[in-house]
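Peer 1: TSV, C-alpha atoms and all ligand atoms, saved as input_8.tsv, coming up:
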chain	number	residue	atom	x	y	z
U	1	MET	CA	179.58	110.35	221.50
U	2	ALA	CA	180.96	111.37	224.88
U	3	ALA	CA	182.76	108.81	227.03
U	4	THR	CA	179.72	108.64	229.28
U	5	GLY	CA	177.67	107.30	226.40
U	6	VAL	CA	175.44	110.39	226.29
U	7	ILE	CA	174.43	111.50	222.81
U	8	GLU	CA	173.50	115.14	222.39
U	9	ILE	CA	172.60	116.79	219.12
U	10	ARG	CA	171.95	120.51	219.38
U	11	GLY	CA	169.94	120.19	222.58
U	12	VAL	CA	168.33	116.78	221.94
U	13	ARG	CA	169.97	114.58	224.55
U	14	ALA	CA	169.73	110.86	225.36
U	15	ALA	CA	171.75	109.02	228.03
U	16	ARG	CA	172.52	105.33	227.57
U	17	GLY	CA	169.30	103.29	227.68
U	18	GLU	CA	167.14	106.33	226.83
U	19	ARG	CA	165.07	107.55	223.92
U	20	ALA	CA	164.84	111.27	223.18
U	21	ARG	CA	163.26	113.38	220.52
U	22	GLY	CA	163.05	117.04	219.65
U	23	PHE	CA	163.61	119.62	216.96
U	24	VAL	CA	166.82	121.14	215.68
U	25	GLN	CA	166.58	124.60	214.19
U	26	ILE	CA	168.14	125.11	210.77
U	27	GLY	CA	167.14	128.68	209.96
U	28	GLU	CA	164.10	130.89	209.71
U	29	THR	CA	161.75	132.39	207.18
U	30	ALA	CA	159.71	135.56	207.68
U	31	THR	CA	156.90	133.40	209.05
U	32	GLY	CA	158.86	131.34	211.54
U	33	PRO	CA	161.68	128.91	212.28
U	34	ILE	CA	162.65	125.99	210.04
U	35	ARG	CA	163.25	122.95	212.24
U	36	ILE	CA	163.89	119.26	211.66
U	37	PRO	CA	162.67	116.39	213.85
U	38	VAL	CA	165.44	114.31	215.45
U	39	VAL	CA	165.02	111.03	217.33
U	40	ILE	CA	167.82	109.43	219.34
U	41	VAL	CA	167.49	105.86	220.55
U	42	ASN	CA	170.53	105.32	222.72
U	43	GLY	CA	170.97	101.65	223.56
U	44	ALA	CA	171.67	100.37	227.06
U	45	GLU	CA	174.83	98.64	225.82
U	46	PRO	CA	177.61	100.18	223.74
U	47	GLY	CA	177.76	99.30	220.06
U	48	PRO	CA	177.59	100.80	216.58
U	49	THR	CA	175.90	104.13	215.85
U	50	LEU	CA	173.63	104.21	212.80
U	51	SER	CA	172.03	107.39	211.50
U	52	LEU	CA	168.98	107.41	209.23
U	53	THR	CA	167.53	110.21	207.16
U	54	ALA	CA	164.30	110.17	205.17
U	55	GLY	CA	162.48	113.01	203.49
U	56	VAL	CA	165.56	114.60	201.95
U	57	HIS	CA	162.99	114.49	199.15
U	58	ALA	CA	159.90	114.77	201.31
U	59	THR	CA	157.31	113.57	198.79
U	60	GLU	CA	158.99	110.14	198.85
U	61	TYR	CA	156.71	108.70	201.52
U	62	PRO	CA	157.56	104.98	202.08
U	63	PRO	CA	161.05	105.85	203.39
U	64	ILE	CA	159.57	108.42	205.79
U	65	ASP	CA	157.06	105.91	207.15
U	66	ALA	CA	159.71	103.19	207.40
U	67	VAL	CA	162.01	105.37	209.50
U	68	MET	CA	159.13	106.44	211.77
U	69	ARG	CA	158.03	102.85	212.34
U	70	THR	CA	161.44	101.27	212.75
U	71	VAL	CA	162.65	103.87	215.20
U	72	ASN	CA	159.46	103.76	217.24
U	73	GLU	CA	159.77	99.97	217.51
U	74	LEU	CA	163.33	100.05	218.84
U	75	ASP	CA	163.64	99.47	222.57
U	76	PRO	CA	166.71	101.24	224.00
U	77	GLN	CA	166.93	98.55	226.69
U	78	HIS	CA	167.47	95.94	223.95
U	79	LEU	CA	169.67	97.94	221.63
U	80	ARG	CA	173.45	97.82	221.36
U	81	GLY	CA	174.77	101.14	220.17
U	82	ALA	CA	172.49	103.89	218.99
U	83	VAL	CA	170.17	104.92	216.19
U	84	ILE	CA	169.85	108.60	215.36
U	85	ALA	CA	167.03	109.38	212.94
U	86	VAL	CA	165.63	112.31	211.03
U	87	PRO	CA	162.28	110.99	209.75
U	88	VAL	CA	161.61	114.11	207.64
U	89	ALA	CA	164.73	116.05	206.70
U	90	ASN	CA	163.07	118.58	204.46
U	91	THR	CA	160.08	119.79	206.42
U	92	THR	CA	159.05	122.57	204.04
U	93	MET	CA	158.86	120.11	201.13
U	94	PHE	CA	156.85	117.78	203.38
U	95	ALA	CA	154.33	120.48	204.34
U	96	SER	CA	153.98	121.85	200.81
U	97	ARG	CA	154.03	118.41	199.10
U	98	MET	CA	156.67	119.78	196.76
U	99	PRO	CA	158.92	117.27	194.97
U	100	PHE	CA	162.64	117.46	194.10
U	101	VAL	CA	163.50	120.94	195.40
U	102	SER	CA	162.91	123.08	198.47
U	103	PRO	CA	160.19	125.69	198.00
U	104	ILE	CA	162.32	128.07	200.09
U	105	ASP	CA	165.49	128.30	198.01
U	106	GLY	CA	164.82	126.09	194.99
U	107	LEU	CA	167.70	123.74	195.85
U	108	ASN	CA	167.78	119.95	195.67
U	109	LEU	CA	169.15	118.86	199.06
U	110	ASN	CA	170.68	115.77	197.49
U	111	LYS	CA	172.76	117.77	195.03
U	112	ILE	CA	174.39	120.36	197.30
U	113	ALA	CA	176.32	118.32	199.87
U	114	PRO	CA	178.46	118.98	201.84
U	115	GLY	CA	176.41	122.18	202.15
U	116	ASN	CA	177.46	125.41	203.76
U	117	ALA	CA	177.01	126.58	207.35
U	118	GLU	CA	176.68	130.17	206.08
U	119	GLY	CA	174.44	129.37	203.11
U	120	THR	CA	170.73	129.24	202.35
U	121	ILE	CA	168.43	127.02	204.37
U	122	SER	CA	168.98	123.91	202.21
U	123	GLU	CA	172.74	124.43	202.33
U	124	VAL	CA	172.70	124.81	206.12
U	125	LEU	CA	170.50	121.73	206.35
U	126	ALA	CA	172.99	119.63	204.35
U	127	HIS	CA	175.79	120.91	206.58
U	128	VAL	CA	173.94	120.17	209.84
U	129	LEU	CA	172.94	116.68	208.69
U	130	LEU	CA	176.50	115.82	207.70
U	131	GLN	CA	178.26	117.38	210.68
U	132	ASP	CA	175.94	116.97	213.64
U	133	ILE	CA	173.93	113.83	212.84
U	134	ILE	CA	175.65	111.66	210.24
U	135	GLY	CA	179.06	112.86	211.43
U	136	VAL	CA	178.64	111.31	214.90
U	137	SER	CA	177.77	107.91	213.36
U	138	GLU	CA	179.80	105.05	211.94
U	139	TYR	CA	177.00	103.96	209.64
U	140	TYR	CA	174.45	105.98	207.68
U	141	ILE	CA	171.48	105.22	205.46
U	142	ASP	CA	169.73	107.90	203.39
U	143	LEU	CA	166.29	106.54	202.47
U	144	HIS	CA	164.63	107.59	199.22
U	145	GLY	CA	162.19	106.38	196.59
U	146	GLY	CA	161.10	107.52	193.18
U	147	ASP	CA	159.70	111.04	193.50
U	148	ILE	CA	156.31	112.26	192.26
U	149	GLY	CA	156.04	111.17	188.62
U	150	GLU	CA	158.57	108.34	189.02
U	151	ALA	CA	157.81	104.61	189.45
U	152	LEU	CA	160.89	102.79	190.66
U	153	LEU	CA	162.55	99.39	190.98
U	154	PRO	CA	164.11	99.27	194.48
U	155	PHE	CA	167.88	99.56	194.64
U	156	VAL	CA	170.61	100.39	197.11
U	157	ALA	CA	173.71	102.32	196.17
U	158	CYS	CA	177.00	103.19	197.78
U	159	SER	CA	179.90	105.36	196.86
U	160	ILE	CA	183.29	103.80	196.17
U	161	THR	CA	185.86	105.98	197.95
U	162	GLY	CA	189.08	104.05	197.41
U	163	ASN	CA	189.23	103.09	201.10
U	164	ALA	CA	188.96	99.32	200.63
U	165	ASP	CA	187.69	98.54	204.13
U	166	LEU	CA	185.02	101.24	204.02
U	167	ASP	CA	183.94	100.29	200.49
U	168	ARG	CA	183.69	96.60	201.37
U	169	LYS	CA	181.54	97.30	204.44
U	170	ALA	CA	179.25	99.52	202.39
U	171	GLU	CA	178.80	96.83	199.73
U	172	LEU	CA	178.02	94.22	202.42
U	173	LEU	CA	175.34	96.45	203.92
U	174	ALA	CA	173.95	97.33	200.49
U	175	ARG	CA	173.47	93.65	199.73
U	176	LEU	CA	171.83	93.10	203.11
U	177	TYR	CA	169.41	95.96	202.44
U	178	SER	CA	168.51	95.63	198.78
U	179	PRO	CA	165.95	93.13	197.53
U	180	ASP	CA	167.22	93.59	194.00
U	181	VAL	CA	169.81	95.84	192.40
U	182	ILE	CA	172.89	97.28	194.07
U	183	SER	CA	174.84	100.13	192.57
U	184	LEU	CA	178.49	100.76	193.44
U	185	SER	CA	179.57	104.14	192.20
U	186	ALA	CA	183.21	105.10	191.73
U	187	ASP	CA	184.06	108.71	190.91
U	188	GLY	CA	182.85	109.60	187.43
U	189	ALA	CA	180.50	106.59	187.24
U	190	THR	CA	177.13	106.94	185.52
U	191	VAL	CA	175.31	105.17	188.37
U	192	PRO	CA	174.37	106.72	191.73
U	193	PRO	CA	175.25	107.99	194.28
U	194	PHE	CA	176.71	111.03	192.56
U	195	ALA	CA	178.94	113.84	193.84
U	196	GLY	CA	176.78	116.38	195.65
U	197	SER	CA	174.61	113.73	197.27
U	198	ILE	CA	174.62	113.40	201.03
U	199	VAL	CA	175.75	109.77	200.85
U	200	HIS	CA	178.69	110.70	198.61
U	201	SER	CA	179.84	113.30	201.14
U	202	ALA	CA	179.23	111.02	204.13
U	203	ALA	CA	181.38	108.27	202.59
U	204	ARG	CA	184.17	110.79	202.15
U	205	GLN	CA	183.89	111.62	205.84
U	206	GLY	CA	184.79	107.97	206.52
U	207	ILE	CA	181.23	106.80	207.23
U	208	VAL	CA	179.82	103.55	205.82
U	209	ALA	CA	176.94	105.08	203.87
U	210	LEU	CA	174.02	103.68	201.85
U	211	PHE	CA	171.59	105.36	199.49
U	212	ALA	CA	168.44	103.19	199.57
U	213	GLU	CA	165.51	103.63	197.18
U	214	ALA	CA	162.06	101.97	197.23
U	215	GLY	CA	158.59	103.27	196.44
U	216	GLY	CA	157.60	106.12	194.19
U	217	ASP	CA	155.16	108.39	192.43
U	218	GLY	CA	153.79	110.02	195.57
U	219	THR	CA	152.35	106.74	196.88
U	220	LEU	CA	152.61	105.07	200.29
U	221	GLU	CA	152.35	101.33	199.62
U	222	GLU	CA	152.97	98.78	202.35
U	223	ALA	CA	155.24	96.63	200.17
U	224	ASP	CA	157.54	99.61	199.58
U	225	VAL	CA	157.59	100.52	203.27
U	226	GLN	CA	158.54	96.91	204.05
U	227	VAL	CA	161.53	97.02	201.69
U	228	HIS	CA	162.93	99.81	203.84
U	229	VAL	CA	161.84	98.38	207.21
U	230	ASN	CA	163.38	95.00	206.36
U	231	GLY	CA	166.50	96.69	205.04
U	232	ILE	CA	167.09	98.76	208.17
U	233	LYS	CA	166.43	95.79	210.47
U	234	ASN	CA	168.69	93.52	208.45
U	235	VAL	CA	171.51	96.03	208.73
U	236	LEU	CA	170.91	96.40	212.50
U	237	ARG	CA	170.99	92.61	212.90
U	238	TYR	CA	174.18	92.32	210.88
U	239	LEU	CA	175.77	95.00	213.09
U	240	ARG	CA	174.52	93.02	216.11
U	241	ALA	CA	172.68	96.11	217.34
U	242	ILE	CA	169.44	94.12	217.67
U	243	GLU	CA	168.77	90.43	218.26
U	244	GLY	CA	168.25	87.96	215.46
U	245	ALA	CA	170.18	86.55	212.55
U	246	PRO	CA	170.41	88.71	209.42
U	247	HIS	CA	168.80	87.40	206.28
U	248	LEU	CA	171.74	86.73	203.98
U	249	VAL	CA	171.50	86.82	200.26
U	250	GLY	CA	174.51	85.83	198.19
U	251	ALA	CA	174.06	86.79	194.58
U	252	ARG	CA	172.80	90.18	193.51
U	253	SER	CA	172.32	92.20	190.38
U	254	LYS	CA	174.97	94.86	190.23
U	255	GLY	CA	173.99	97.87	188.17
U	256	THR	CA	176.89	98.87	185.93
U	257	ARG	CA	175.23	101.60	183.89
U	258	ARG	CA	171.83	103.00	182.94
U	259	PHE	CA	170.23	104.24	179.75
U	260	VAL	CA	167.13	106.34	179.12
U	261	MET	CA	164.53	106.14	176.36
U	262	ARG	CA	162.93	109.45	175.45
U	263	ALA	CA	160.03	110.53	173.28
U	264	ARG	CA	160.98	112.40	170.13
U	265	ARG	CA	157.37	113.35	169.43
U	266	SER	CA	154.64	114.66	171.72
U	267	GLY	CA	151.28	113.29	172.74
U	268	LEU	CA	149.51	110.67	174.82
U	269	VAL	CA	151.76	107.83	176.03
U	270	ARG	CA	150.62	104.22	175.67
U	271	LEU	CA	153.24	102.46	177.75
U	272	LYS	CA	154.13	98.86	176.83
U	273	VAL	CA	156.45	97.90	179.69
U	274	ALA	CA	156.29	97.75	183.49
U	275	ILE	CA	158.80	98.38	186.24
U	276	GLY	CA	161.23	95.46	186.68
U	277	ASP	CA	160.62	94.10	183.16
U	278	ARG	CA	163.56	92.64	181.32
U	279	ILE	CA	163.69	94.62	178.10
U	280	ALA	CA	165.46	93.63	174.89
U	281	GLU	CA	167.08	95.99	172.42
U	282	GLY	CA	164.53	96.98	169.78
U	283	GLN	CA	161.54	96.07	171.98
U	284	GLU	CA	158.59	98.44	171.85
U	285	ILE	CA	158.58	100.66	174.96
U	286	ALA	CA	155.71	103.00	174.21
U	287	GLU	CA	153.50	104.38	171.52
U	288	ILE	CA	152.92	108.13	171.31
U	289	CYS	CA	149.75	109.37	169.71
U	290	ASN	CA	148.69	112.87	168.72
U	291	MET	CA	145.47	114.60	169.73
U	292	PHE	CA	143.59	112.86	166.91
U	293	GLY	CA	144.65	109.44	168.22
U	294	GLU	CA	147.08	108.76	165.40
U	295	THR	CA	150.33	107.04	166.30
U	296	VAL	CA	153.15	109.48	165.66
U	297	GLU	CA	155.98	107.49	167.20
U	298	VAL	CA	156.80	103.98	168.37
U	299	VAL	CA	159.61	104.22	170.95
U	300	ARG	CA	161.93	101.21	171.01
U	301	SER	CA	164.60	100.20	173.52
U	302	THR	CA	168.11	101.20	172.59
U	303	GLY	CA	169.63	98.32	174.58
U	304	ASP	CA	169.11	95.27	176.78
U	305	GLY	CA	168.28	96.07	180.38
U	306	THR	CA	165.86	96.03	183.30
U	307	ALA	CA	163.22	98.75	183.65
U	308	GLY	CA	164.41	100.61	186.73
U	309	LEU	CA	162.45	103.85	186.50
U	310	ILE	CA	159.30	104.76	184.60
U	311	TRP	CA	158.23	108.38	184.35
U	312	THR	CA	154.52	108.13	184.96
U	313	HIS	CA	153.38	111.18	183.00
U	314	LYS	CA	150.76	110.15	180.49
U	315	VAL	CA	151.48	113.01	178.12
U	316	VAL	CA	154.95	113.83	176.83
U	317	ASN	CA	156.59	116.67	175.00
U	318	SER	CA	159.44	116.04	172.59
U	319	GLY	CA	162.54	115.05	174.54
U	320	ASP	CA	160.76	113.93	177.68
U	321	PRO	CA	162.08	110.75	179.31
U	322	LEU	CA	159.91	107.62	179.39
U	323	VAL	CA	161.88	104.68	180.80
U	324	ARG	CA	165.31	104.27	182.38
U	325	CYS	CA	166.89	100.83	182.34
U	326	TRP	CA	169.61	99.29	184.47
U	327	VAL	CA	172.31	97.30	182.75
U	328	THR	CA	173.29	94.72	185.35
U	329	GLU	CA	175.75	91.94	185.94
U	330	LEU	CA	175.73	89.22	188.57
U	331	ALA	CA	177.61	90.35	191.66
U	332	PRO	CA	179.96	87.62	192.95
U	333	PRO	CA	179.10	85.82	196.20
U	334	LEU	CA	180.59	87.36	199.34
U	335	PRO	CA	182.75	85.11	201.55
U	336	GLU	CA	181.74	87.24	204.54
U	337	PHE	CA	178.17	85.98	204.08
U	338	ASP	CA	179.33	82.35	203.93
U	339	ARG	CA	181.18	82.75	207.21
U	340	LEU	CA	178.16	84.43	208.72
U	341	SER	CA	175.85	81.64	207.48
U	342	ASP	CA	178.08	79.13	209.27
U	343	ARG	CA	177.75	81.12	212.48
U	344	VAL	CA	173.97	81.32	212.01
U	345	SER	CA	173.66	77.57	211.40
U	346	GLU	CA	175.91	76.85	214.42
U	347	GLY	CA	173.54	78.91	216.54
U	348	VAL	CA	176.20	81.52	217.34
U	349	LEU	CA	174.00	84.27	215.91
C	1	ZN	ZN	164.95	111.04	196.53
Kindly return the structure encoded in the file as structure tokens.
Ligand SMILES: [Zn+2]

Peer 2:
Amino acid sequence: MAATGVIEIRGVRAARGERARGFVQIGETATGPIRIPVVIVNGAEPGPTLSLTAGVHATEYPPIDAVMRTVNELDPQHLRGAVIAVPVANTTMFASRMPFVSPIDGLNLNKIAPGNAEGTISEVLAHVLLQDIIGVSEYYIDLHGGDIGEALLPFVACSITGNADLDRKAELLARLYSPDVISLSADGATVPPFAGSIVHSAARQGIVALFAEAGGDGTLEEADVQVHVNGIKNVLRYLRAIEGAPHLVGARSKGTRRFVMRARRSGLVRLKVAIGDRIAEGQEIAEICNMFGETVEVVRSTGDGTAGLIWTHKVVNSGDPLVRCWVTELAPPLPEFDRLSDRVSEGVL
């Protein structure tokens, strides 16, 4: 941000106290330009800058709706700092309703960060997001959900970088955002965010970055949208960017690892568990039956955990995944929240 408080991102420009929106061009195909929508809400008073992206996987709809709604509600006259948002990062996926990868170059935008300014359209997109949008922010949230074919238990993840101050801030914001599980991922961990993700790269640029997931399976349910809306607002309140006391939650489930149950046989799936269920080792997860209706396999849990992702396909081939469980532990209370609660009860916040 310039000293004058003006924010300008590739031609989209907002002075202090202004809202601006426009498109930033990423590349072109034979049929026209590839552009991304950018919204800047530049608050009347100085403060923190938060960037938001949704639609990195553009068939994950609740995050997209949550960013649209939250940003449209913000009043620059009553905002400290700024919010810079990309409601749909991957516009070709959005238009084509294609999950996981870009129909243009077959790349998964969340596996190629930090991208490449000279690369294919997805690689340029990763680069532009990280340099020109996330890179001018102190805080960043990448909003996701389960993709098409995935039902999901909400969680929020951040990348442990080794910078204690940065990592602590990210954990604080993750707890403020998540209604359930948080995942703190050191290098080499088996929990997200992983290397190659935008959040992983952003954290290594020194930005406090969250990877927030709610919703799934190509749906747009209000409860899932609200997880994200409440999460963004809670973070903005904590950062004192908007009025109101943050909702503080002390204890959390911290995801330490995950395990996946797969079908060994093929056929129709009769699922026996639901998302969020506590599952015990040996518990029946699903029954697979062949085309004559005979049970060919009973799939049992290989451990104790919480159902975090269910692949919603009703027919499996051998080796297909069925259920992924979180193994969690209780995260310790945060003294920062206790101090903040005191300030809230004293009427300071
Ligand atoms: Zn995603």

Peer 1: With all atoms listed in the file counted and 7 Å as the cut-off, give the residues of chain U in contact with ligand ZN 1 (chain C), each with its shortest interatomic distance in Å and the pair that gives it, as a Markdown table.

Peer 2:
| residue | atom | partner | partner_atom | distance |
| --- | --- | --- | --- | --- |
| U:Val56 | CA | C:ZN1 | ZN | 6.5 |
| U:His57 | CA | C:ZN1 | ZN | 4.8 |
| U:Glu60 | CA | C:ZN1 | ZN | 6.5 |
| U:His144 | CA | C:ZN1 | ZN | 4.4 |
| U:Gly145 | CA | C:ZN1 | ZN | 5.4 |
| U:Gly146 | CA | C:ZN1 | ZN | 6.2 |
| U:Asp147 | CA | C:ZN1 | ZN | 6.1 |

Peer 1: Could you build a table of the residues in region 105-176 of chain U lying no more than 10 Å from region 26-45 of chain U, giving for each the nearest pair of atoms and their separation in Å rounded to one decimal place, using all atoms listed in the file, ordered by chain and ascending residue number, as a tab-separated table?

Peer 2:
residue	atom	partner	partner_atom	distance
U:Ala117	CA	U:Ile26	CA	9.6
U:Thr120	CA	U:Gly27	CA	8.4
U:Ile121	CA	U:Gly27	CA	6.0
U:Ser122	CA	U:Ile26	CA	8.7
U:Glu123	CA	U:Ile26	CA	9.6
U:Val124	CA	U:Ile26	CA	6.5
U:Leu125	CA	U:Ile26	CA	6.0
U:Ala126	CA	U:Ile26	CA	9.7
U:His127	CA	U:Ile26	CA	9.7
U:Val128	CA	U:Ile26	CA	7.7
U:Leu129	CA	U:Ile36	CA	9.9
U:Ile133	CA	U:Val38	CA	8.9

Peer 1: Please compute the CA of Gly305 (chain U)-CA of Lys272 (chain U) distance, one decimal, in Å.

Peer 2: 14.9 Å

Peer 1: Could you please determine the separation between CA of Gln77 (chain U) and CA of Ile64 (chain U) in Å, to one decimal place?

Peer 2: 24.3 Å

Peer 1: Could you give me, as a Markdown table, a per-residue list for region 89-119 of chain U showing, wherever an atom lies at most 12 Å from an atom of region 215-225 of chain U, the closest pair of atoms and their distance in Å to one decimal, using all atoms listed in the file and sorting by chain then residue number from low to high?

Peer 2:
| residue | atom | partner | partner_atom | distance |
| --- | --- | --- | --- | --- |
| U:Phe94 | CA | U:Gly218 | CA | 11.4 |
| U:Arg97 | CA | U:Gly218 | CA | 9.1 |
| U:Met98 | CA | U:Gly218 | CA | 10.2 |
| U:Pro99 | CA | U:Gly218 | CA | 8.9 |
| U:Phe100 | CA | U:Gly218 | CA | 11.7 |

Peer 1: Would you write out those residues with C-alpha atoms, as a tab-separated table (two decimals), keeping the file's coordinate frame?

Peer 2:
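Contents of the output file again.tsv:
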chain	number	residue	atom	x	y	z
U	94	PHE	CA	156.85	117.78	203.38
U	97	ARG	CA	154.03	118.41	199.10
U	98	MET	CA	156.67	119.78	196.76
U	99	PRO	CA	158.92	117.27	194.97
U	100	PHE	CA	162.64	117.46	194.10

Peer 1: Give me, please, the distance in Å between CA of Ala58 (chain U) and CA of Leu107 (chain U), quoted to one decimal.

Peer 2: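 Separating CA of Ala58 (chain U) from CA of Leu107 (chain U) is a distance of 13.1 Å.
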
Peer 1: Please list as JSON, numbers by chain every residue within 12 Å of Ile310 (chain U), counting all atoms listed in the file and excluding residues in the same chain fewer than 5 positions away.

Peer 2: {"U": [146, 147, 148, 149, 150, 151, 152, 153, 215, 216, 217, 259, 260, 261, 262, 269, 271, 272, 273, 274, 275, 276, 277, 285, 286, 320, 321, 322, 323, 324, 325, 326]}

Peer 1: With only C-alpha atoms as the atoms that count, which of U:Ser201, U:Glu287, U:Ala214, U:Ala331 lies nearest to Val315 (chain U)?

Peer 2: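 Closest to Val315 (chain U), using only C-alpha atoms: U:Glu287.
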
Peer 1: Can you write out as a Markdown table which residues of region 76-140 of chain U fall within 10 Å of region 17-24 of chain U, alongside each residue's closest atom pair and its distance in Å to one decimal, counting all atoms listed in the file and ordering rows by chain and ascending residue number?

Peer 2:
| residue | atom | partner | partner_atom | distance |
| --- | --- | --- | --- | --- |
| U:Pro76 | CA | U:Gly17 | CA | 4.9 |
| U:Gln77 | CA | U:Gly17 | CA | 5.4 |
| U:His78 | CA | U:Gly17 | CA | 8.4 |
| U:Leu79 | CA | U:Gly17 | CA | 8.1 |
| U:Arg80 | CA | U:Gly17 | CA | 9.3 |
| U:Gly81 | CA | U:Gly17 | CA | 9.5 |
| U:Ala82 | CA | U:Gly17 | CA | 9.3 |
| U:Val83 | CA | U:Arg19 | CA | 9.6 |
| U:Ile84 | CA | U:Arg21 | CA | 9.6 |
| U:Ala85 | CA | U:Arg21 | CA | 9.4 |
| U:Val86 | CA | U:Phe23 | CA | 9.6 |
| U:Val128 | CA | U:Val24 | CA | 9.3 |

Peer 1: Of the candidates U:Asn230, U:Asn110, U:Thr59, U:Thr92, which one gets nearest to Ala202 (chain U) if we count only C-alpha atoms?

Peer 2: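 Among the listed residues, the smallest separation from Ala202 (chain U) belongs to U:Asn110.
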
Peer 1: For Thr295 (chain U), list every protein, DNA or RNA residue within 10 Å, evaluated using only C-alpha atoms, and leave out those in the same chain fewer than 4 positions away; present the list as a ChimeraX atom specification.

Peer 2: /U:265,267-270,287-291

Peer 1: Got a sec: who's within 7 Å of Arg300 (chain U), counting only C-alpha atoms, leaving out chain neighbours fewer than 5 positions off, as a PyMOL selection string?

Peer 2: chain U and resi 282-285

Peer 1: Excluding Val229 (chain U) and residues on its chain fewer than 3 positions from it, collect all residues at most 10 Å away from it, counting only C-alpha atoms, and give them as a PyMOL selection string.

Peer 2: chain U and resi 62-63+65-71+177+223-226+232-234
